[in-house]
>>> print(open('query.tsv').read())   # TSV, C-alpha atoms
chain	number	residue	atom	x	y	z
A	1	MET	CA	118.27	147.12	231.39
A	2	LYS	CA	116.36	144.70	233.62
A	3	THR	CA	113.91	145.95	236.21
A	4	THR	CA	115.27	144.78	239.57
A	5	VAL	CA	112.91	143.68	242.33
A	6	LEU	CA	113.95	143.50	245.98
A	7	ILE	CA	112.13	140.64	247.72
A	8	VAL	CA	112.03	141.22	251.49
A	9	GLU	CA	110.70	138.02	252.99
A	10	ASP	CA	111.90	135.88	255.91
A	11	GLU	CA	110.07	132.72	254.76
A	12	ARG	CA	112.42	130.65	252.58
A	13	GLU	CA	109.56	128.89	250.79
A	14	ILE	CA	108.10	132.16	249.54
A	15	ARG	CA	111.51	133.51	248.46
A	16	SER	CA	112.20	130.23	246.65
A	17	PHE	CA	108.87	130.55	244.88
A	18	LEU	CA	109.11	134.24	243.93
A	19	GLU	CA	112.72	134.42	242.69
A	20	PRO	CA	112.46	131.95	239.78
A	21	GLU	CA	108.98	133.18	238.84
A	22	LEU	CA	110.17	136.80	238.60
A	23	ARG	CA	113.34	135.83	236.73
A	24	HIS	CA	111.24	133.82	234.29
A	25	GLU	CA	109.24	137.02	233.64
A	26	GLY	CA	112.46	138.92	232.87
A	27	TYR	CA	113.01	140.69	236.19
A	28	GLY	CA	116.27	140.89	238.05
A	29	THR	CA	116.01	139.98	241.73
A	30	ALA	CA	117.64	140.73	245.05
A	31	THR	CA	116.60	139.30	248.41
A	32	ALA	CA	116.64	140.21	252.08
A	33	VAL	CA	115.43	138.19	255.07
A	34	ASN	CA	115.02	141.00	257.62
A	35	GLY	CA	114.53	144.76	257.84
A	36	GLU	CA	118.16	145.67	258.41
A	37	GLN	CA	119.30	143.64	255.42
A	38	ALA	CA	116.53	145.13	253.27
A	39	LEU	CA	117.55	148.72	254.03
A	40	GLU	CA	121.22	147.94	253.44
A	41	ARG	CA	120.46	146.39	250.05
A	42	PHE	CA	118.09	149.19	249.06
A	43	ARG	CA	120.63	151.88	249.91
A	44	ALA	CA	123.17	150.12	247.70
A	45	GLY	CA	121.02	151.24	244.77
A	46	GLY	CA	119.63	149.71	241.61
A	47	ILE	CA	116.25	148.66	243.04
A	48	ASP	CA	113.19	149.46	240.90
A	49	LEU	CA	110.44	147.84	242.99
A	50	VAL	CA	110.18	146.34	246.48
A	51	LEU	CA	108.05	143.38	247.58
A	52	LEU	CA	107.91	143.83	251.33
A	53	ASP	CA	106.53	141.57	254.06
A	54	ILE	CA	105.09	143.31	257.13
A	55	LEU	CA	106.03	140.65	259.69
A	56	LEU	CA	109.82	140.71	259.62
A	57	PRO	CA	112.33	139.91	262.36
A	58	GLY	CA	113.97	143.02	263.77
A	59	ILE	CA	112.81	146.15	262.00
A	60	SER	CA	109.19	145.74	260.90
A	61	GLY	CA	108.07	145.99	257.30
A	62	ILE	CA	106.15	149.19	258.07
A	63	GLU	CA	109.30	150.80	259.49
A	64	VAL	CA	111.33	149.65	256.47
A	65	LEU	CA	108.69	151.28	254.26
A	66	ARG	CA	108.85	154.53	256.23
A	67	ARG	CA	112.64	154.69	255.89
A	68	ILE	CA	112.50	153.93	252.17
A	69	ARG	CA	109.97	156.73	251.69
A	70	ARG	CA	112.34	159.23	253.29
A	71	GLN	CA	114.66	158.87	250.31
A	72	SER	CA	112.71	157.36	247.44
A	73	ASP	CA	109.30	156.94	245.82
A	74	VAL	CA	110.22	153.56	244.31
A	75	PRO	CA	107.12	151.31	244.12
A	76	VAL	CA	106.56	149.19	247.24
A	77	ILE	CA	104.01	146.36	247.36
A	78	MET	CA	103.30	144.88	250.78
A	79	LEU	CA	103.05	141.08	250.97
A	80	THR	CA	101.61	139.74	254.20
A	81	ALA	CA	99.49	137.03	255.77
A	82	ARG	CA	97.67	139.68	257.77
A	83	ASN	CA	94.39	140.96	256.37
A	84	ALA	CA	93.41	143.40	259.12
A	85	THR	CA	92.09	146.75	257.93
A	86	TYR	CA	94.47	148.53	260.31
A	87	ASP	CA	97.50	146.92	258.64
A	88	LYS	CA	96.28	147.90	255.18
A	89	VAL	CA	95.57	151.48	256.21
A	90	SER	CA	98.89	151.78	258.02
A	91	ALA	CA	100.84	150.49	255.01
A	92	LEU	CA	99.03	152.74	252.54
A	93	ASP	CA	99.32	155.78	254.83
A	94	GLN	CA	103.08	155.24	255.02
A	95	GLY	CA	103.33	155.27	251.23
A	96	ALA	CA	102.85	151.70	250.04
A	97	ASP	CA	101.67	151.48	246.44
A	98	ASP	CA	99.68	148.30	246.91
A	99	TYR	CA	98.89	145.51	249.36
A	100	LEU	CA	98.54	141.79	248.62
A	101	VAL	CA	97.48	139.16	251.17
A	102	LYS	CA	99.09	135.71	251.22
A	103	PRO	CA	98.43	133.27	249.73
A	104	PHE	CA	98.22	134.94	246.33
A	105	GLU	CA	98.32	133.95	242.69
A	106	ILE	CA	101.54	134.88	240.89
A	107	GLU	CA	99.52	136.30	237.98
A	108	GLU	CA	97.83	138.80	240.30
A	109	LEU	CA	101.16	139.83	241.81
A	110	LEU	CA	102.69	140.33	238.38
A	111	ALA	CA	99.72	142.46	237.30
A	112	ARG	CA	100.02	144.63	240.39
A	113	MET	CA	103.77	145.01	239.82
A	114	ARG	CA	103.18	146.13	236.23
A	115	ALA	CA	100.59	148.66	237.40
A	116	ALA	CA	102.94	150.06	240.06
A	117	LEU	CA	105.80	150.35	237.58
A	118	ARG	CA	103.56	152.14	235.05
A	119	LYS	CA	102.50	154.59	237.73
A	120	ARG	CA	106.14	155.17	238.65
A	121	LYS	CA	107.05	155.80	235.00
A	122	GLN	CA	104.30	158.39	234.71
A	123	LYS	CA	105.56	160.15	237.83
A	124	LEU	CA	109.03	160.36	236.28
A	125	ARG	CA	107.83	162.33	233.27
A	126	PRO	CA	109.44	165.76	232.90
A	127	MET	CA	107.30	168.68	234.11
A	128	THR	CA	107.33	172.43	233.55
A	129	PHE	CA	106.28	175.58	235.33
A	130	GLU	CA	106.63	178.76	233.32
A	131	ASP	CA	110.27	178.62	232.17
A	132	ILE	CA	111.35	175.98	234.73
A	133	ALA	CA	111.87	172.45	233.35
A	134	LEU	CA	112.27	169.65	235.90
A	135	ASP	CA	113.25	166.09	234.98
A	136	PRO	CA	112.46	163.73	237.91
A	137	ASP	CA	114.32	160.82	236.31
A	138	ALA	CA	117.58	162.72	235.73
A	139	ARG	CA	116.93	164.88	238.83
A	140	SER	CA	117.83	167.96	236.81
A	141	VAL	CA	116.37	171.48	236.75
A	142	LYS	CA	116.73	174.09	234.03
A	143	VAL	CA	115.48	177.67	233.96
A	144	SER	CA	115.24	179.21	230.49
A	145	GLY	CA	117.48	176.37	229.32
A	146	GLU	CA	120.16	177.06	231.93
A	147	GLU	CA	121.05	174.23	234.33
A	148	VAL	CA	120.49	175.02	238.02
A	149	GLU	CA	122.18	172.89	240.68
A	150	LEU	CA	119.96	171.97	243.63
A	151	SER	CA	120.57	169.87	246.73
A	152	ALA	CA	118.50	166.70	247.17
A	153	LYS	CA	116.03	168.36	249.56
A	154	GLU	CA	115.79	171.50	247.39
A	155	PHE	CA	115.01	169.34	244.37
A	156	ASP	CA	112.38	167.34	246.27
A	157	LEU	CA	110.71	170.52	247.53
A	158	LEU	CA	110.62	172.09	244.07
A	159	ARG	CA	109.24	168.88	242.59
A	160	LEU	CA	106.49	168.73	245.24
A	161	LEU	CA	105.49	172.33	244.55
A	162	MET	CA	105.50	171.78	240.78
A	163	GLU	CA	103.42	168.62	241.11
A	164	ASN	CA	100.84	170.69	242.99
A	165	GLN	CA	100.79	173.83	240.86
A	166	GLY	CA	98.09	176.23	242.02
A	167	VAL	CA	97.58	174.33	245.29
A	168	VAL	CA	98.63	175.94	248.56
A	169	LEU	CA	100.72	173.45	250.53
A	170	SER	CA	100.89	173.91	254.29
A	171	ARG	CA	104.19	173.63	256.11
A	172	ASP	CA	102.81	170.52	257.85
A	173	ARG	CA	102.14	168.81	254.55
A	174	ILE	CA	105.52	169.79	253.10
A	175	VAL	CA	107.38	168.53	256.16
A	176	ASP	CA	105.45	165.25	256.05
A	177	ARG	CA	106.22	164.69	252.35
A	178	ILE	CA	109.85	165.85	252.29
A	179	TRP	CA	111.19	165.10	255.77
A	180	GLY	CA	108.82	162.31	256.82
A	181	ALA	CA	105.98	161.96	259.32
A	182	ASP	CA	108.38	161.28	262.21
A	183	TYR	CA	110.39	164.49	261.70
A	184	VAL	CA	110.70	166.24	265.08
A	185	GLY	CA	112.49	169.45	264.06
A	186	ASP	CA	111.11	172.95	263.61
A	187	GLN	CA	108.72	173.54	260.71
A	188	LYS	CA	110.76	176.63	259.91
A	189	VAL	CA	113.03	174.27	257.99
A	190	VAL	CA	110.50	174.69	255.16
A	191	ASP	CA	111.03	178.46	255.14
A	192	VAL	CA	114.79	177.92	255.07
A	193	TYR	CA	114.60	175.68	252.00
A	194	VAL	CA	112.17	177.98	250.24
A	195	ARG	CA	114.73	180.76	250.71
A	196	HIS	CA	117.39	178.48	249.24
A	197	LEU	CA	115.20	177.89	246.17
A	198	ARG	CA	114.46	181.58	245.77
A	199	THR	CA	118.17	182.35	245.93
A	200	LYS	CA	118.83	179.88	243.10
A	201	LEU	CA	115.70	180.43	241.01
A	202	ASP	CA	114.07	183.82	241.66
A	203	ASP	CA	117.08	186.07	242.20
A	204	PRO	CA	119.25	185.06	239.20
A	205	PHE	CA	116.34	185.10	236.75
A	206	GLY	CA	114.41	188.09	238.07
A	207	ARG	CA	111.14	186.20	238.63
A	208	THR	CA	108.94	185.09	241.50
A	209	TYR	CA	108.17	181.41	241.14
A	210	ILE	CA	107.18	180.47	244.69
A	211	THR	CA	104.40	182.47	246.34
A	212	THR	CA	104.01	182.73	250.13
A	213	VAL	CA	100.43	182.46	251.41
A	214	ARG	CA	100.72	184.15	254.78
A	215	GLY	CA	99.73	181.95	257.69
A	216	VAL	CA	99.23	178.90	255.46
A	217	GLY	CA	102.22	177.88	253.36
A	218	TYR	CA	103.52	178.03	249.79
A	219	THR	CA	102.35	177.58	246.24
A	220	MET	CA	103.54	177.89	242.66
A	221	LYS	CA	100.89	179.81	240.74
A	222	ARG	CA	101.32	180.98	237.18
A	223	GLN	CA	101.63	184.72	236.83
A	224	SER	CA	98.84	186.46	234.97
A	225	GLY	CA	99.57	186.73	231.28
A	226	TYR	CA	102.46	184.24	231.31
A	227	GLU	CA	102.53	181.78	228.44
A	228	ASP	CA	104.91	178.89	227.90
A	229	SER	CA	107.25	179.48	225.03
>>> encode(input="query.tsv", output="C-alpha cells")
Amino acid sequence: MKTTVLIVEDEREIRSFLEPELRHEGYGTATAVNGEQALERFRAGGIDLVLLDILLPGISGIEVLRRIRRQSDVPVIMLTARNATYDKVSALDQGADDYLVKPFEIEELLARMRAALRKRKQKLRPMTFEDIALDPDARSVKVSGEEVELSAKEFDLLRLLMENQGVVLSRDRIVDRIWGADYVGDQKVVDVYVRHLRTKLDDPFGRTYITTVRGVGYTMKRQSGYEDS
C-alpha cells in the first residue's frame, strides 16, 4: 500500500513541483489549497504524512496543525517561506515533526519525510504493561489475552500512561496531550476517564494498573514482584 502525502499549499508552482516528485518516489498524493480544504481531506482518512504551509488563506497552517493533533499523531512537516524563530517554536510546540524553509532541495525534503515516517512507525509498535497489551496501529487492547473495548479517548489516555510508565503525569499535561492546549473544560475530565479505565481494566481483572498520586496526577507503575509472563 502506498504512503499517501497530503500537500497543503496555496502556491500552484510549489504544488506542481511537489506532486510529480513525490509520485516519482512512489508516494500517493492529495492536495489542498487552504486550511478548510486540508482539514476536510484529512478527516476523510488515508493520509500518512502532511506537508503543511504556515501562510494559508483562511485557517492558518498552525491552526490546521492544532486541529490535526487533536485527533492524530500523523507526521506533519511545516513548509514555509518564514524563517523566524517564533514560527519554528510555535509549529514545534503545537506538535509539528519537522520544519523546512523555502526554497528547499527535494532531496532534503524526502530525507526528512523518511525520518518522520520511521519515527511514526516506531511509535506504532505494540507496547505492554504487566498483562496489558496495547497495539497503537490496530488501536486494540488486551488484558491477559482478553480483548477490552475502549472509547477513543480512553484508548488515548491509556496509551499516554503506558508510554510514560513510571512517570507521574499531571492533569494539566494529560489534558494538553489528550484534549488539546485550547481545551477550556474542567480538568476533572481526567478523573472521569481514569474511572472509566479502572472500570474496564482494574475491576474485571482484580488488579490496580493506574495509580493516583494525590495532588499531582496519575501513573502506571509496575507492582513489586510482578514479572511479565
>>> closest_residue(input="query.tsv", among="A:Lys153, A:Tyr193, A:Ile62, A:Gln71", to="A:Tyr86", atoms="only C-alpha atoms")
A:Ile62
>>> atom_distance(input="query.tsv", atom1="atom CA of A:Glu130", atom2="atom CA of A:Thr211")
13.7 Å
>>> atom_distance(input="query.tsv", atom1="atom CA of A:Phe155", atom2="atom CA of A:Ala133")
11.9 Å
>>> atom_distance(input="query.tsv", atom1="atom CA of A:His196", atom2="atom CA of A:Ser72")
21.7 Å
>>> residues_near_point(input="query.tsv", point="(121.4, 150.3, 249.2)", cutoff="12 Å", atoms="all atoms listed in the file", output="PDB file with C-alpha atoms, in the frame of the given file")
ATOM      1  CA  LEU A   6     113.950 143.500 245.980  1.00  0.00           C
ATOM      2  CA  ALA A  30     117.640 140.730 245.050  1.00  0.00           C
ATOM      3  CA  ALA A  32     116.640 140.210 252.080  1.00  0.00           C
ATOM      4  CA  GLU A  36     118.160 145.670 258.410  1.00  0.00           C
ATOM      5  CA  GLN A  37     119.300 143.640 255.420  1.00  0.00           C
ATOM      6  CA  ALA A  38     116.530 145.130 253.270  1.00  0.00           C
ATOM      7  CA  LEU A  39     117.550 148.720 254.030  1.00  0.00           C
ATOM      8  CA  GLU A  40     121.220 147.940 253.440  1.00  0.00           C
ATOM      9  CA  ARG A  41     120.460 146.390 250.050  1.00  0.00           C
ATOM     10  CA  PHE A  42     118.090 149.190 249.060  1.00  0.00           C
ATOM     11  CA  ARG A  43     120.630 151.880 249.910  1.00  0.00           C
ATOM     12  CA  ALA A  44     123.170 150.120 247.700  1.00  0.00           C
ATOM     13  CA  GLY A  45     121.020 151.240 244.770  1.00  0.00           C
ATOM     14  CA  GLY A  46     119.630 149.710 241.610  1.00  0.00           C
ATOM     15  CA  ILE A  47     116.250 148.660 243.040  1.00  0.00           C
ATOM     16  CA  ASP A  48     113.190 149.460 240.900  1.00  0.00           C
ATOM     17  CA  ARG A  67     112.640 154.690 255.890  1.00  0.00           C
ATOM     18  CA  ILE A  68     112.500 153.930 252.170  1.00  0.00           C
ATOM     19  CA  GLN A  71     114.660 158.870 250.310  1.00  0.00           C
ATOM     20  CA  SER A  72     112.710 157.360 247.440  1.00  0.00           C
TER      21      SER A  72
END
>>> residues_near_point(input="query.tsv", point="(112.9, 167.9, 243.7)", cutoff="10 Å", atoms="only C-alpha atoms", output="PDB file with C-alpha atoms, keeping the file's coordinate frame")
ATOM      1  CA  LEU A 134     112.270 169.650 235.900  1.00  0.00           C
ATOM      2  CA  ASP A 135     113.250 166.090 234.980  1.00  0.00           C
ATOM      3  CA  PRO A 136     112.460 163.730 237.910  1.00  0.00           C
ATOM      4  CA  ARG A 139     116.930 164.880 238.830  1.00  0.00           C
ATOM      5  CA  SER A 140     117.830 167.960 236.810  1.00  0.00           C
ATOM      6  CA  VAL A 141     116.370 171.480 236.750  1.00  0.00           C
ATOM      7  CA  LEU A 150     119.960 171.970 243.630  1.00  0.00           C
ATOM      8  CA  SER A 151     120.570 169.870 246.730  1.00  0.00           C
ATOM      9  CA  ALA A 152     118.500 166.700 247.170  1.00  0.00           C
ATOM     10  CA  LYS A 153     116.030 168.360 249.560  1.00  0.00           C
ATOM     11  CA  GLU A 154     115.790 171.500 247.390  1.00  0.00           C
ATOM     12  CA  PHE A 155     115.010 169.340 244.370  1.00  0.00           C
ATOM     13  CA  ASP A 156     112.380 167.340 246.270  1.00  0.00           C
ATOM     14  CA  LEU A 157     110.710 170.520 247.530  1.00  0.00           C
ATOM     15  CA  LEU A 158     110.620 172.090 244.070  1.00  0.00           C
ATOM     16  CA  ARG A 159     109.240 168.880 242.590  1.00  0.00           C
ATOM     17  CA  LEU A 160     106.490 168.730 245.240  1.00  0.00           C
ATOM     18  CA  LEU A 161     105.490 172.330 244.550  1.00  0.00           C
ATOM     19  CA  MET A 162     105.500 171.780 240.780  1.00  0.00           C
ATOM     20  CA  GLU A 163     103.420 168.620 241.110  1.00  0.00           C
ATOM     21  CA  ILE A 178     109.850 165.850 252.290  1.00  0.00           C
TER      22      ILE A 178
END
>>> closest_residue(input="query.tsv", among="A:Leu56, A:Gln165, A:Leu51, A:Asp137", to="A:Ala116", atoms="only C-alpha atoms")
A:Leu51
>>> axis_aligned_box(input="query.tsv", around="stretch 136-144 of chain A", padding_each_side="5 Å", output="JSON")
{"center_x": 115.1, "center_y": 170.0, "center_z": 234.7, "size_x": 15.4, "size_y": 28.4, "size_z": 18.3}
>>> closest_residue(input="query.tsv", among="A:Val148, A:Leu22, A:Ile14, A:Ala138", to="A:Lys2", atoms="all atoms listed in the file")
A:Leu22
>>> closest_residue(input="query.tsv", among="A:Leu201, A:Val33, A:Leu18, A:Ile174", to="A:Lys142", atoms="all atoms listed in the file")
A:Leu201
>>> closest_residue(input="query.tsv", among="A:Asp131, A:Asp93, A:Asp176, A:Glu108", to="A:Gly206", atoms="only C-alpha atoms")
A:Asp131
>>> closest_residue(input="query.tsv", among="A:Gly180, A:Gly215, A:Gly28, A:Pro20", to="A:Arg66", atoms="all atoms listed in the file")
A:Gly180
>>> residues_around(input="query.tsv", residues="A:Thr219", least_positions_apart="6", cutoff="8 Å", atoms="all atoms listed in the file", output="list in words")
Leu161, Asn164, Gln165, Gly166, Val167, Val168, Leu169, Ile210, Thr211, Thr212 and Val213 of chain A
>>> build_atoms(input="query.tsv", residues="stretch 55-66 of chain A", atoms="all heavy atoms", output="mmCIF file, in the coordinates of the input")
data_model
loop_
_atom_site.group_PDB
_atom_site.id
_atom_site.type_symbol
_atom_site.label_atom_id
_atom_site.label_comp_id
_atom_site.auth_asym_id
_atom_site.auth_seq_id
_atom_site.Cartn_x
_atom_site.Cartn_y
_atom_site.Cartn_z
ATOM 1 N N LEU A 55 105.525 141.350 258.500
ATOM 2 C CA LEU A 55 106.030 140.650 259.690
ATOM 3 C C LEU A 55 107.457 140.173 259.463
ATOM 4 O O LEU A 55 107.683 139.060 259.016
ATOM 5 C CB LEU A 55 105.106 139.481 260.032
ATOM 6 C CG LEU A 55 103.677 139.871 260.436
ATOM 7 C CD1 LEU A 55 102.843 138.625 260.655
ATOM 8 C CD2 LEU A 55 103.700 140.736 261.690
ATOM 9 N N LEU A 56 108.409 141.035 259.788
ATOM 10 C CA LEU A 56 109.820 140.710 259.620
ATOM 11 C C LEU A 56 110.512 140.673 260.977
ATOM 12 O O LEU A 56 110.117 141.396 261.896
ATOM 13 C CB LEU A 56 110.512 141.771 258.755
ATOM 14 C CG LEU A 56 110.096 141.866 257.294
ATOM 15 C CD1 LEU A 56 110.732 143.102 256.654
ATOM 16 C CD2 LEU A 56 110.509 140.617 256.530
ATOM 17 N N PRO A 57 111.537 139.861 261.122
ATOM 18 C CA PRO A 57 112.330 139.910 262.360
ATOM 19 C C PRO A 57 113.115 141.217 262.435
ATOM 20 O O PRO A 57 113.550 141.748 261.414
ATOM 21 C CB PRO A 57 113.269 138.697 262.214
ATOM 22 C CG PRO A 57 113.343 138.434 260.739
ATOM 23 C CD PRO A 57 112.014 138.827 260.189
ATOM 24 N N GLY A 58 113.247 141.749 263.631
ATOM 25 C CA GLY A 58 113.970 143.020 263.770
ATOM 26 C C GLY A 58 113.092 144.184 263.371
ATOM 27 O O GLY A 58 111.966 144.330 263.848
ATOM 28 N N ILE A 59 113.569 144.991 262.470
ATOM 29 C CA ILE A 59 112.810 146.150 262.000
ATOM 30 C C ILE A 59 111.590 145.666 261.214
ATOM 31 O O ILE A 59 111.710 144.842 260.313
ATOM 32 C CB ILE A 59 113.680 147.053 261.100
ATOM 33 C CG1 ILE A 59 114.908 147.535 261.875
ATOM 34 C CG2 ILE A 59 112.887 148.244 260.588
ATOM 35 C CD1 ILE A 59 115.876 148.332 261.025
ATOM 36 N N SER A 60 110.424 146.181 261.555
ATOM 37 C CA SER A 60 109.190 145.740 260.900
ATOM 38 C C SER A 60 109.125 146.227 259.457
ATOM 39 O O SER A 60 109.811 147.180 259.056
ATOM 40 C CB SER A 60 107.972 146.267 261.652
ATOM 41 O OG SER A 60 107.841 147.671 261.456
ATOM 42 N N GLY A 61 108.253 145.579 258.678
ATOM 43 C CA GLY A 61 108.070 145.990 257.300
ATOM 44 C C GLY A 61 107.562 147.416 257.184
ATOM 45 O O GLY A 61 107.963 148.158 256.288
ATOM 46 N N ILE A 62 106.672 147.822 258.099
ATOM 47 C CA ILE A 62 106.150 149.190 258.070
ATOM 48 C C ILE A 62 107.279 150.192 258.303
ATOM 49 O O ILE A 62 107.357 151.230 257.645
ATOM 50 C CB ILE A 62 105.048 149.379 259.133
ATOM 51 C CG1 ILE A 62 103.812 148.537 258.774
ATOM 52 C CG2 ILE A 62 104.669 150.849 259.260
ATOM 53 C CD1 ILE A 62 103.105 148.984 257.518
ATOM 54 N N GLU A 63 108.183 149.885 259.227
ATOM 55 C CA GLU A 63 109.300 150.800 259.490
ATOM 56 C C GLU A 63 110.265 150.825 258.312
ATOM 57 O O GLU A 63 110.806 151.884 257.963
ATOM 58 C CB GLU A 63 110.041 150.370 260.762
ATOM 59 C CG GLU A 63 111.216 151.265 261.128
ATOM 60 C CD GLU A 63 110.835 152.718 261.368
ATOM 61 O OE1 GLU A 63 109.668 152.990 261.731
ATOM 62 O OE2 GLU A 63 111.711 153.597 261.198
ATOM 63 N N VAL A 64 110.494 149.672 257.680
ATOM 64 C CA VAL A 64 111.330 149.650 256.470
ATOM 65 C C VAL A 64 110.707 150.544 255.410
ATOM 66 O O VAL A 64 111.401 151.339 254.759
ATOM 67 C CB VAL A 64 111.474 148.209 255.936
ATOM 68 C CG1 VAL A 64 112.143 148.208 254.559
ATOM 69 C CG2 VAL A 64 112.279 147.355 256.910
ATOM 70 N N LEU A 65 109.398 150.446 255.234
ATOM 71 C CA LEU A 65 108.690 151.280 254.260
ATOM 72 C C LEU A 65 108.875 152.759 254.581
ATOM 73 O O LEU A 65 109.157 153.570 253.692
ATOM 74 C CB LEU A 65 107.207 150.918 254.262
ATOM 75 C CG LEU A 65 106.275 151.814 253.436
ATOM 76 C CD1 LEU A 65 106.644 151.772 251.966
ATOM 77 C CD2 LEU A 65 104.818 151.382 253.638
ATOM 78 N N ARG A 66 108.710 153.121 255.833
ATOM 79 C CA ARG A 66 108.850 154.530 256.230
ATOM 80 C C ARG A 66 110.246 155.051 255.899
ATOM 81 O O ARG A 66 110.406 156.167 255.408
ATOM 82 C CB ARG A 66 108.577 154.679 257.728
ATOM 83 C CG ARG A 66 107.130 154.437 258.125
ATOM 84 C CD ARG A 66 106.952 154.467 259.611
ATOM 85 N NE ARG A 66 107.251 155.789 260.171
ATOM 86 C CZ ARG A 66 107.265 156.065 261.477
ATOM 87 N NH1 ARG A 66 107.036 155.094 262.358
ATOM 88 N NH2 ARG A 66 107.520 157.262 261.895
#
